[in-house]
Every structure is written in C-alpha cells, then in structure tokens.
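To keep things clear, I will list the structure first and then write my remarks on it.
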Amino acid sequence: MLKEIIERNHYTFEESFDNWEDAIRAGYKPLLADNTVEDIYVQAVIDCVKKFGPYIVIVPNIAMSHSTEGAAGCNGTAISFMKVEKEVDFDPEDPDKKARLFFSLAATDHEKHLENIQALMDTLMNEEIVDALLEAKTIEDLKAIAEKYEA
C-alpha cells in the first residue's frame with residue numbers, strides 16, 4: 001500500500017494546522033492534484049465529520065478520512081498519506097481524538113476500495129510501521145519504511 005502511495009505521489013508532510021478542517025483539506029491535496037477527487041468531495045468529508053463527530057480518528061494518532069459511498073466529486077479510487085508533526089485535535093474533550101497520520105480515501109471501485117482498506121488495516125496493525133510513520137519526516141523516510149515492510 002505504501003509503495004502505491006509513493007508511486008502515485010499521493011503523500012505530503014506538514015508541520016501543523018490551525019484546525020482539523022484544514023488538515024483534512026491538506027490530506028486530500030495529492031488526490032485533488034490528479035483529479036482523483038474534487039473540492040466538493042473534500043467538503044463532503046468535512047461535512048460528515050461535523051455531522052457525525054470525529055469518527056475518522058480510528059485510533060489515537062491515526063485518521064482515515066472518507067465520505068459516504070457515491071459522494072459527488074469522487075473520480076477514482078486511491079489513498080493518500082499525510083504526516084503532521086503537531087497533532088491535530090478533533091475533539092478537545094477526548095484525548096484519543098487527536099491525529100498525526102492521515103490516510104485520505106476516495107473510492108469509485110468498490111472492490112479496489114475494500115482491497116485498499118484491508119491493506120491499510122494490515123499496515124496499521126503493525127505497531128513498528130505506525131511508529132516508523134510517526135517518525136517519518138521526508139519522502140525518503142517513507143520509501144525506507146515501504147522497502148522494509150512491504151514485500
């Protein structure tokens with residue numbers, strides 16, 4: 001999964017954000033750049049978090065941004081990766097709702113989307129990979145992690 005993210009230039013490294021909405025927008029920049037998604041899709045993700053709460057923070061430090069199936073402005077199936085140095089706070093009342101690793105999802109192909117989610121979950125189940133991603137600062141670091149952990 002990481003190798004595909006790298007090959008498709010679907011990654012970014014950021015320092016910090018003033019709010020979680022800006023973080024979500026930044027996480028989708030690589031997918032916006034190649035028209036995998038449009039602004040309307042990114043806004044739909046933000047609107048879903050506003051409506052349903054910070055469900056995208058699946059565990060502390062990790063957010064999996066996505067909208068509902070069939071959302072407007074989604075033109076392809078992909079995942080982008082963003083590492084943020086200063087954690088993004090989604091809920092000041094809940095210390096577990098902070099994130100530094102963002103995986104932004106888009107899907108038009110249901111089967112490929114399920115494969116992507118499974119690969120992502122397999123990756124995130126490995127604490128060594130998560131720890132390495134939390135320390136990554138450059139694309140070279142991300143490539144090294146992909147080489148070490150993906151056959």
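As shown in the structure tokens, the chain order sets the letters A, B, ...; within each chain, residues go from 1, and ligands are also counted from 1 in the order they appear.
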
Closest atom pairs, segment 38-86 of chain A residues within 10 Å of segment 133-146 of chain A, only C-alpha atoms, as a tab-separated table:
residue	atom	partner	partner_atom	distance
A:Asn61	CA	A:Leu134	CA	8.5
A:Ile62	CA	A:Leu134	CA	9.7
A:Phe81	CA	A:Leu142	CA	9.8
A:Met82	CA	A:Leu133	CA	9.7
A:Lys83	CA	A:Leu134	CA	7.2
A:Val84	CA	A:Leu134	CA	8.5
A:Glu85	CA	A:Leu134	CA	8.2

Could you save the residues just selected, with N, CA, C and O atoms, as a PDB file, in the first residue's frame?
ATOM      1  N   ASN A  61      -3.823   9.000  17.115  1.00  0.00           N
ATOM      2  CA  ASN A  61      -2.783   9.336  16.133  1.00  0.00           C
ATOM      3  C   ASN A  61      -3.120   9.001  14.687  1.00  0.00           C
ATOM      4  O   ASN A  61      -2.366   9.380  13.797  1.00  0.00           O
ATOM      5  N   ILE A  62      -4.215   8.304  14.426  1.00  0.00           N
ATOM      6  CA  ILE A  62      -4.497   7.877  13.053  1.00  0.00           C
ATOM      7  C   ILE A  62      -5.911   8.267  12.632  1.00  0.00           C
ATOM      8  O   ILE A  62      -6.898   7.866  13.258  1.00  0.00           O
ATOM      9  N   PHE A  81      -1.486   9.701   1.832  1.00  0.00           N
ATOM     10  CA  PHE A  81      -0.896   9.686   3.166  1.00  0.00           C
ATOM     11  C   PHE A  81      -0.392  11.081   3.513  1.00  0.00           C
ATOM     12  O   PHE A  81       0.235  11.739   2.679  1.00  0.00           O
ATOM     13  N   MET A  82      -0.684  11.516   4.735  1.00  0.00           N
ATOM     14  CA  MET A  82      -0.128  12.769   5.221  1.00  0.00           C
ATOM     15  C   MET A  82       0.361  12.566   6.645  1.00  0.00           C
ATOM     16  O   MET A  82      -0.352  12.008   7.484  1.00  0.00           O
ATOM     17  N   LYS A  83       1.580  13.042   6.899  1.00  0.00           N
ATOM     18  CA  LYS A  83       2.144  13.037   8.255  1.00  0.00           C
ATOM     19  C   LYS A  83       2.200  14.480   8.730  1.00  0.00           C
ATOM     20  O   LYS A  83       2.688  15.357   8.023  1.00  0.00           O
ATOM     21  N   VAL A  84       1.683  14.720   9.932  1.00  0.00           N
ATOM     22  CA  VAL A  84       1.681  16.045  10.534  1.00  0.00           C
ATOM     23  C   VAL A  84       2.548  15.982  11.797  1.00  0.00           C
ATOM     24  O   VAL A  84       2.393  15.075  12.616  1.00  0.00           O
ATOM     25  N   GLU A  85       3.441  16.930  11.947  1.00  0.00           N
ATOM     26  CA  GLU A  85       4.331  16.940  13.113  1.00  0.00           C
ATOM     27  C   GLU A  85       3.580  17.238  14.405  1.00  0.00           C
ATOM     28  O   GLU A  85       3.788  16.579  15.409  1.00  0.00           O
TER      29      GLU A  85
END

Counting only C-alpha atoms, give me one row per residue of segment 74-130 of chain A with an atom at most 12 Å from an atom of segment 36-46 of chain A, showing the shortest contact pair and its distance in Å to one decimal, sorted by chain then residue number, as a Markdown table.
| residue | atom | partner | partner_atom | distance |
| --- | --- | --- | --- | --- |
| A:Cys74 | CA | A:Val37 | CA | 4.5 |
| A:Asn75 | CA | A:Thr36 | CA | 4.9 |
| A:Gly76 | CA | A:Thr36 | CA | 4.8 |
| A:Thr77 | CA | A:Thr36 | CA | 7.0 |
| A:Ala78 | CA | A:Thr36 | CA | 7.4 |
| A:Ile79 | CA | A:Thr36 | CA | 9.7 |
| A:Ser80 | CA | A:Thr36 | CA | 10.3 |
| A:Phe90 | CA | A:Ile46 | CA | 11.3 |
| A:Ser104 | CA | A:Val42 | CA | 9.6 |
| A:Leu105 | CA | A:Val37 | CA | 9.6 |
| A:Ala106 | CA | A:Val37 | CA | 7.0 |
| A:Ala107 | CA | A:Thr36 | CA | 8.8 |
| A:Thr108 | CA | A:Thr36 | CA | 9.5 |
| A:Asp109 | CA | A:Thr36 | CA | 11.9 |

Report task. Excluding Val57 of chain A and any residue of its chain fewer than 4 positions from it, enumerate the residues within 12 Å of it, using only C-alpha atoms, and give them as a list in words. Result ->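 Near neighbours after the sequence-gap exclusion: Trp20, Ile24, Val49, Phe52, Gly53, Asn61, Ile62, Ala63, Met64, Ser65, His66, Glu87, Val88, Asp89, Phe90, Asp91, Asp94, Pro95, Asp96, Lys97, Lys98, Ala99, Arg100, Leu101, Phe102, Phe103 and Ser104 of chain A.
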
Since we have the selection now, will you write its residues out, keeping C-alpha atoms, as a CSV table (one decimal), in the first residue's frame?
chain,number,residue,atom,x,y,z
A,20,TRP,CA,-9.0,19.8,11.7
A,24,ILE,CA,-8.5,17.2,6.1
A,49,VAL,CA,-17.3,14.8,10.5
A,52,PHE,CA,-21.3,12.5,12.9
A,53,GLY,CA,-18.3,13.6,15.0
A,61,ASN,CA,-2.8,9.3,16.1
A,62,ILE,CA,-4.5,7.9,13.1
A,63,ALA,CA,-7.3,9.4,11.0
A,64,MET,CA,-8.9,7.7,8.0
A,65,SER,CA,-10.7,10.5,6.1
A,66,HIS,CA,-13.5,9.4,3.9
A,87,GLU,CA,-1.1,16.5,16.3
A,88,VAL,CA,-4.5,17.7,15.0
A,89,ASP,CA,-7.2,17.9,17.7
A,90,PHE,CA,-10.6,16.7,16.5
A,91,ASP,CA,-12.3,16.9,19.9
A,94,ASP,CA,-11.5,13.5,24.1
A,95,PRO,CA,-7.7,13.0,24.2
A,96,ASP,CA,-8.0,9.9,21.9
A,97,LYS,CA,-9.3,12.1,19.1
A,98,LYS,CA,-6.0,13.6,18.0
A,99,ALA,CA,-4.2,12.5,14.8
A,100,ARG,CA,-0.8,12.9,13.2
A,101,LEU,CA,-1.1,10.2,10.5
A,102,PHE,CA,-3.8,10.8,7.9
A,103,PHE,CA,-4.9,8.3,5.3
A,104,SER,CA,-7.4,10.0,3.0
